[in-house]
file upload11.txt (compact mmCIF, N, CA and C atoms)
# COMPACT_ATOMS: atom_id res chain seq x y z
N MET A 1 0.85 -1.19 0.00
CA MET A 1 0.00 0.00 0.00
C MET A 1 0.89 1.24 0.00
N ASP A 2 0.69 2.09 -0.96
CA ASP A 2 1.47 3.32 -1.06
C ASP A 2 0.69 4.44 -0.36
N ILE A 3 1.34 5.10 0.57
CA ILE A 3 0.70 6.16 1.35
C ILE A 3 1.30 7.50 0.92
N LYS A 4 0.45 8.43 0.57
CA LYS A 4 0.89 9.77 0.17
C LYS A 4 0.70 10.73 1.35
N GLU A 5 1.81 11.23 1.87
CA GLU A 5 1.72 12.13 3.01
C GLU A 5 1.39 13.56 2.56
N ASP A 6 0.75 14.29 3.46
CA ASP A 6 0.46 15.71 3.24
C ASP A 6 1.57 16.58 3.82
N PHE A 7 2.34 16.01 4.74
CA PHE A 7 3.40 16.76 5.42
C PHE A 7 4.53 15.80 5.77
N LEU A 8 5.75 16.18 5.47
CA LEU A 8 6.93 15.38 5.82
C LEU A 8 7.65 16.05 6.97
N LEU A 9 7.82 15.31 8.06
CA LEU A 9 8.50 15.81 9.25
C LEU A 9 9.77 15.01 9.45
N ASP A 10 10.91 15.64 9.24
CA ASP A 10 12.19 14.99 9.46
C ASP A 10 12.63 15.26 10.89
N ALA A 11 12.39 14.29 11.77
CA ALA A 11 12.73 14.45 13.19
C ALA A 11 13.98 13.64 13.55
N ARG A 12 14.77 13.29 12.55
CA ARG A 12 16.02 12.58 12.82
C ARG A 12 16.95 13.50 13.60
N GLY A 13 17.62 12.93 14.57
CA GLY A 13 18.51 13.71 15.43
C GLY A 13 17.82 14.26 16.66
N MET A 14 16.50 14.18 16.71
CA MET A 14 15.75 14.65 17.88
C MET A 14 15.54 13.49 18.84
N LYS A 15 15.62 13.79 20.12
CA LYS A 15 15.39 12.79 21.16
C LYS A 15 13.99 12.96 21.74
N CYS A 16 13.44 11.86 22.22
CA CYS A 16 12.13 11.85 22.84
C CYS A 16 12.11 12.89 23.98
N PRO A 17 11.10 13.73 24.06
CA PRO A 17 9.79 13.67 23.43
C PRO A 17 9.63 14.58 22.21
N MET A 18 10.70 15.15 21.71
CA MET A 18 10.59 16.14 20.64
C MET A 18 9.91 15.61 19.36
N PRO A 19 10.14 14.37 18.92
CA PRO A 19 9.39 13.91 17.74
C PRO A 19 7.88 13.95 17.94
N SER A 20 7.42 13.62 19.15
CA SER A 20 5.98 13.70 19.42
C SER A 20 5.49 15.14 19.45
N VAL A 21 6.29 16.03 20.03
CA VAL A 21 5.93 17.46 20.08
C VAL A 21 5.84 18.02 18.66
N LYS A 22 6.82 17.73 17.85
CA LYS A 22 6.84 18.22 16.46
C LYS A 22 5.70 17.61 15.64
N THR A 23 5.38 16.34 15.92
CA THR A 23 4.26 15.70 15.23
C THR A 23 2.96 16.39 15.59
N ALA A 24 2.78 16.72 16.86
CA ALA A 24 1.57 17.43 17.29
C ALA A 24 1.43 18.76 16.57
N LEU A 25 2.54 19.48 16.45
CA LEU A 25 2.50 20.77 15.75
C LEU A 25 2.17 20.59 14.27
N ALA A 26 2.72 19.55 13.66
CA ALA A 26 2.44 19.29 12.24
C ALA A 26 0.97 18.92 12.05
N LEU A 27 0.42 18.11 12.95
CA LEU A 27 -0.98 17.72 12.83
C LEU A 27 -1.92 18.91 12.98
N GLU A 28 -1.52 19.89 13.78
CA GLU A 28 -2.35 21.10 13.94
C GLU A 28 -2.52 21.84 12.62
N GLN A 29 -1.57 21.71 11.72
CA GLN A 29 -1.61 22.41 10.45
C GLN A 29 -2.51 21.72 9.42
N LEU A 30 -2.91 20.48 9.71
CA LEU A 30 -3.68 19.69 8.75
C LEU A 30 -5.13 19.57 9.16
N GLY A 31 -5.98 19.35 8.17
CA GLY A 31 -7.38 19.04 8.44
C GLY A 31 -7.52 17.58 8.82
N GLY A 32 -8.70 17.19 9.28
CA GLY A 32 -8.96 15.81 9.64
C GLY A 32 -8.69 14.88 8.46
N GLY A 33 -8.02 13.78 8.73
CA GLY A 33 -7.68 12.83 7.67
C GLY A 33 -6.33 13.09 7.03
N GLY A 34 -5.70 14.22 7.37
CA GLY A 34 -4.38 14.54 6.83
C GLY A 34 -3.33 13.56 7.34
N ILE A 35 -2.30 13.36 6.53
CA ILE A 35 -1.27 12.37 6.87
C ILE A 35 0.09 13.03 7.00
N VAL A 36 0.76 12.72 8.12
CA VAL A 36 2.12 13.19 8.37
C VAL A 36 3.05 11.98 8.33
N LYS A 37 4.10 12.09 7.55
CA LYS A 37 5.16 11.08 7.55
C LYS A 37 6.27 11.61 8.45
N VAL A 38 6.58 10.88 9.52
CA VAL A 38 7.59 11.30 10.49
C VAL A 38 8.80 10.38 10.37
N MET A 39 9.96 10.97 10.15
CA MET A 39 11.20 10.22 10.07
C MET A 39 11.94 10.39 11.39
N ILE A 40 12.22 9.28 12.09
CA ILE A 40 12.87 9.33 13.40
C ILE A 40 14.05 8.36 13.43
N ASP A 41 15.03 8.69 14.26
CA ASP A 41 16.15 7.76 14.47
C ASP A 41 16.43 7.54 15.96
N ASP A 42 15.57 8.04 16.81
CA ASP A 42 15.68 7.84 18.26
C ASP A 42 14.98 6.53 18.62
N PRO A 43 15.70 5.55 19.16
CA PRO A 43 15.08 4.25 19.46
C PRO A 43 13.91 4.35 20.44
N VAL A 44 13.95 5.28 21.37
CA VAL A 44 12.84 5.44 22.32
C VAL A 44 11.59 5.92 21.60
N SER A 45 11.76 6.83 20.64
CA SER A 45 10.61 7.37 19.91
C SER A 45 9.93 6.34 19.04
N LYS A 46 10.65 5.29 18.66
CA LYS A 46 10.03 4.25 17.82
C LYS A 46 8.81 3.65 18.52
N ASN A 47 8.86 3.54 19.83
CA ASN A 47 7.71 3.03 20.59
C ASN A 47 6.83 4.16 21.12
N ASP A 48 7.46 5.24 21.57
CA ASP A 48 6.71 6.33 22.20
C ASP A 48 5.83 7.10 21.21
N LEU A 49 6.34 7.35 20.00
CA LEU A 49 5.56 8.14 19.04
C LEU A 49 4.25 7.43 18.67
N PRO A 50 4.27 6.15 18.27
CA PRO A 50 2.99 5.49 17.99
C PRO A 50 2.05 5.45 19.19
N ALA A 51 2.60 5.27 20.39
CA ALA A 51 1.75 5.27 21.59
C ALA A 51 1.11 6.64 21.79
N TRP A 52 1.89 7.71 21.59
CA TRP A 52 1.36 9.06 21.72
C TRP A 52 0.25 9.31 20.69
N VAL A 53 0.51 8.88 19.45
CA VAL A 53 -0.47 9.07 18.37
C VAL A 53 -1.81 8.44 18.76
N LYS A 54 -1.76 7.18 19.18
CA LYS A 54 -3.00 6.46 19.53
C LYS A 54 -3.69 7.08 20.74
N SER A 55 -2.90 7.50 21.73
CA SER A 55 -3.51 8.06 22.94
C SER A 55 -4.16 9.42 22.69
N ASN A 56 -3.81 10.04 21.57
CA ASN A 56 -4.41 11.33 21.22
C ASN A 56 -5.48 11.20 20.14
N GLY A 57 -5.92 9.97 19.88
CA GLY A 57 -7.05 9.75 18.99
C GLY A 57 -6.72 9.71 17.51
N HIS A 58 -5.45 9.74 17.17
CA HIS A 58 -5.04 9.68 15.77
C HIS A 58 -4.74 8.22 15.41
N GLN A 59 -4.36 7.97 14.17
CA GLN A 59 -4.15 6.61 13.70
C GLN A 59 -2.74 6.43 13.14
N VAL A 60 -2.09 5.36 13.53
CA VAL A 60 -0.80 4.99 12.94
C VAL A 60 -1.11 4.11 11.74
N LEU A 61 -0.76 4.58 10.55
CA LEU A 61 -1.03 3.82 9.34
C LEU A 61 0.06 2.79 9.06
N ARG A 62 1.30 3.17 9.38
CA ARG A 62 2.42 2.27 9.12
C ARG A 62 3.64 2.72 9.92
N VAL A 63 4.42 1.74 10.38
CA VAL A 63 5.73 1.98 10.97
C VAL A 63 6.69 1.13 10.15
N GLU A 64 7.63 1.79 9.48
CA GLU A 64 8.52 1.09 8.56
C GLU A 64 9.98 1.33 8.93
N ASP A 65 10.69 0.23 9.18
CA ASP A 65 12.12 0.31 9.49
C ASP A 65 12.91 0.49 8.21
N MET A 66 13.69 1.53 8.16
CA MET A 66 14.59 1.78 7.04
C MET A 66 16.01 1.46 7.53
N GLN A 67 17.02 1.67 6.70
CA GLN A 67 18.39 1.35 7.11
C GLN A 67 18.87 2.19 8.28
N ASP A 68 18.62 3.48 8.23
CA ASP A 68 19.17 4.37 9.26
C ASP A 68 18.12 5.15 10.03
N HIS A 69 16.86 4.85 9.80
CA HIS A 69 15.79 5.54 10.51
C HIS A 69 14.49 4.73 10.42
N VAL A 70 13.47 5.24 11.08
CA VAL A 70 12.14 4.64 11.05
C VAL A 70 11.17 5.68 10.50
N GLU A 71 10.25 5.22 9.67
CA GLU A 71 9.22 6.12 9.13
C GLU A 71 7.88 5.74 9.75
N VAL A 72 7.21 6.73 10.33
CA VAL A 72 5.90 6.52 10.95
C VAL A 72 4.90 7.38 10.21
N TYR A 73 3.86 6.75 9.68
CA TYR A 73 2.81 7.47 8.98
C TYR A 73 1.62 7.64 9.92
N VAL A 74 1.25 8.90 10.14
CA VAL A 74 0.21 9.25 11.11
C VAL A 74 -0.95 9.93 10.39
N LYS A 75 -2.15 9.42 10.63
CA LYS A 75 -3.35 10.02 10.06
C LYS A 75 -4.09 10.78 11.15
N LYS A 76 -4.34 12.06 10.90
CA LYS A 76 -5.03 12.90 11.88
C LYS A 76 -6.50 12.48 12.00
N ALA A 77 -6.96 12.47 13.23
CA ALA A 77 -8.37 12.14 13.50
C ALA A 77 -9.28 13.17 12.84
N GLN A 78 -10.44 12.71 12.43
CA GLN A 78 -11.46 13.61 11.89
C GLN A 78 -12.00 14.47 13.03
N ALA A 79 -12.27 15.71 12.72
CA ALA A 79 -12.77 16.63 13.75
C ALA A 79 -14.19 16.31 14.16
call {"tool": "encode", "arguments": {"input": "upload11.txt", "output": "structure tokens"}}
result
Amino acid sequence: MDIKEDFLLDARGMKCPMPSVKTALALEQLGGGGIVKVMIDDPVSKNDLPAWVKSNGHQVLRVEDMQDHVEVYVKKAQA
């Protein structure tokens, strides 16, 4: 399944909780159903970011391990 993001957030080099904070700010810019692709390389954020997304009512569409980072696709909840 190919997912087309509305916003690309490169959070590589950021430590937890900053990827979640930046994701929240990116989601604020989108309407309901908008998709943010978040690129992270912090091992703690690999688990924390999806947990934060779900706890805030949004949806994790995919978590994909790449060679040097992880890509998390987040769909904003409908208003």
call {"tool": "atom_distance", "arguments": {"input": "upload11.txt", "atom1": "CA of Ser20 in chain A", "atom2": "CA of Leu49 in chain A"}}
result
5.6 Å
call {"tool": "residues_around", "arguments": {"input": "upload11.txt", "residues": "range 23-33 of chain A", "least_positions_apart": "2", "cutoff": "10 Å", "atoms": "only C-alpha atoms", "output": "PyMOL selection string"}}
result
chain A and resi 6-11+18-21+35-38+49+52-53+56+58-59+74-79
call {"tool": "residues_around", "arguments": {"input": "upload11.txt", "residues": "His69 in chain A", "least_positions_apart": "4", "cutoff": "10 Å", "atoms": "only C-alpha atoms", "output": "PDB file with N, CA and C atoms, in the coordinates of the input"}}
result
ATOM      1  N   ALA A  11      12.390  14.290  11.770  1.00  0.00           N
ATOM      2  CA  ALA A  11      12.730  14.450  13.190  1.00  0.00           C
ATOM      3  C   ALA A  11      13.980  13.640  13.550  1.00  0.00           C
ATOM      4  N   ARG A  12      14.770  13.290  12.550  1.00  0.00           N
ATOM      5  CA  ARG A  12      16.020  12.580  12.820  1.00  0.00           C
ATOM      6  C   ARG A  12      16.950  13.500  13.600  1.00  0.00           C
ATOM      7  N   GLY A  13      17.620  12.930  14.570  1.00  0.00           N
ATOM      8  CA  GLY A  13      18.510  13.710  15.430  1.00  0.00           C
ATOM      9  C   GLY A  13      17.820  14.260  16.660  1.00  0.00           C
ATOM     10  N   MET A  39       9.960  10.970  10.150  1.00  0.00           N
ATOM     11  CA  MET A  39      11.200  10.220  10.070  1.00  0.00           C
ATOM     12  C   MET A  39      11.940  10.390  11.390  1.00  0.00           C
ATOM     13  N   ILE A  40      12.220   9.280  12.090  1.00  0.00           N
ATOM     14  CA  ILE A  40      12.870   9.330  13.400  1.00  0.00           C
ATOM     15  C   ILE A  40      14.050   8.360  13.430  1.00  0.00           C
ATOM     16  N   ASP A  41      15.030   8.690  14.260  1.00  0.00           N
ATOM     17  CA  ASP A  41      16.150   7.760  14.470  1.00  0.00           C
ATOM     18  C   ASP A  41      16.430   7.540  15.960  1.00  0.00           C
ATOM     19  N   ASP A  42      15.570   8.040  16.810  1.00  0.00           N
ATOM     20  CA  ASP A  42      15.680   7.840  18.260  1.00  0.00           C
ATOM     21  C   ASP A  42      14.980   6.530  18.620  1.00  0.00           C
ATOM     22  N   PRO A  43      15.700   5.550  19.160  1.00  0.00           N
ATOM     23  CA  PRO A  43      15.080   4.250  19.460  1.00  0.00           C
ATOM     24  C   PRO A  43      13.910   4.350  20.440  1.00  0.00           C
ATOM     25  N   LYS A  46      10.650   5.290  18.660  1.00  0.00           N
ATOM     26  CA  LYS A  46      10.030   4.250  17.820  1.00  0.00           C
ATOM     27  C   LYS A  46       8.810   3.650  18.520  1.00  0.00           C
ATOM     28  N   GLU A  64       7.630   1.790   9.480  1.00  0.00           N
ATOM     29  CA  GLU A  64       8.520   1.090   8.560  1.00  0.00           C
ATOM     30  C   GLU A  64       9.980   1.330   8.930  1.00  0.00           C
ATOM     31  N   ASP A  65      10.690   0.230   9.180  1.00  0.00           N
ATOM     32  CA  ASP A  65      12.120   0.310   9.490  1.00  0.00           C
ATOM     33  C   ASP A  65      12.910   0.490   8.210  1.00  0.00           C
TER      34      ASP A  65
END
call {"tool": "select_by_dssp", "arguments": {"input": "upload11.txt", "residues": "chain A", "states": "strand (DSSP E)", "output": "PyMOL selection string"}}
result
chain A and resi 7-10+35-40+59-65+70-75
call {"tool": "closest_residue", "arguments": {"input": "upload11.txt", "among": "A:Pro17, A:Ser45, A:Tyr73, A:Ile3", "to": "Val60 in chain A", "atoms": "all atoms listed in the file"}}
result
A:Tyr73
call {"tool": "atom_distance", "arguments": {"input": "upload11.txt", "atom1": "CA of Met14 in chain A", "atom2": "atom C of Leu61 in chain A"}}
result
21.6 Å
call {"tool": "select_by_dssp", "arguments": {"input": "upload11.txt", "residues": "chain A", "states": "helix (DSSP H, G or I)", "output": "PyMOL selection string"}}
result
chain A and resi 18-28+43-55
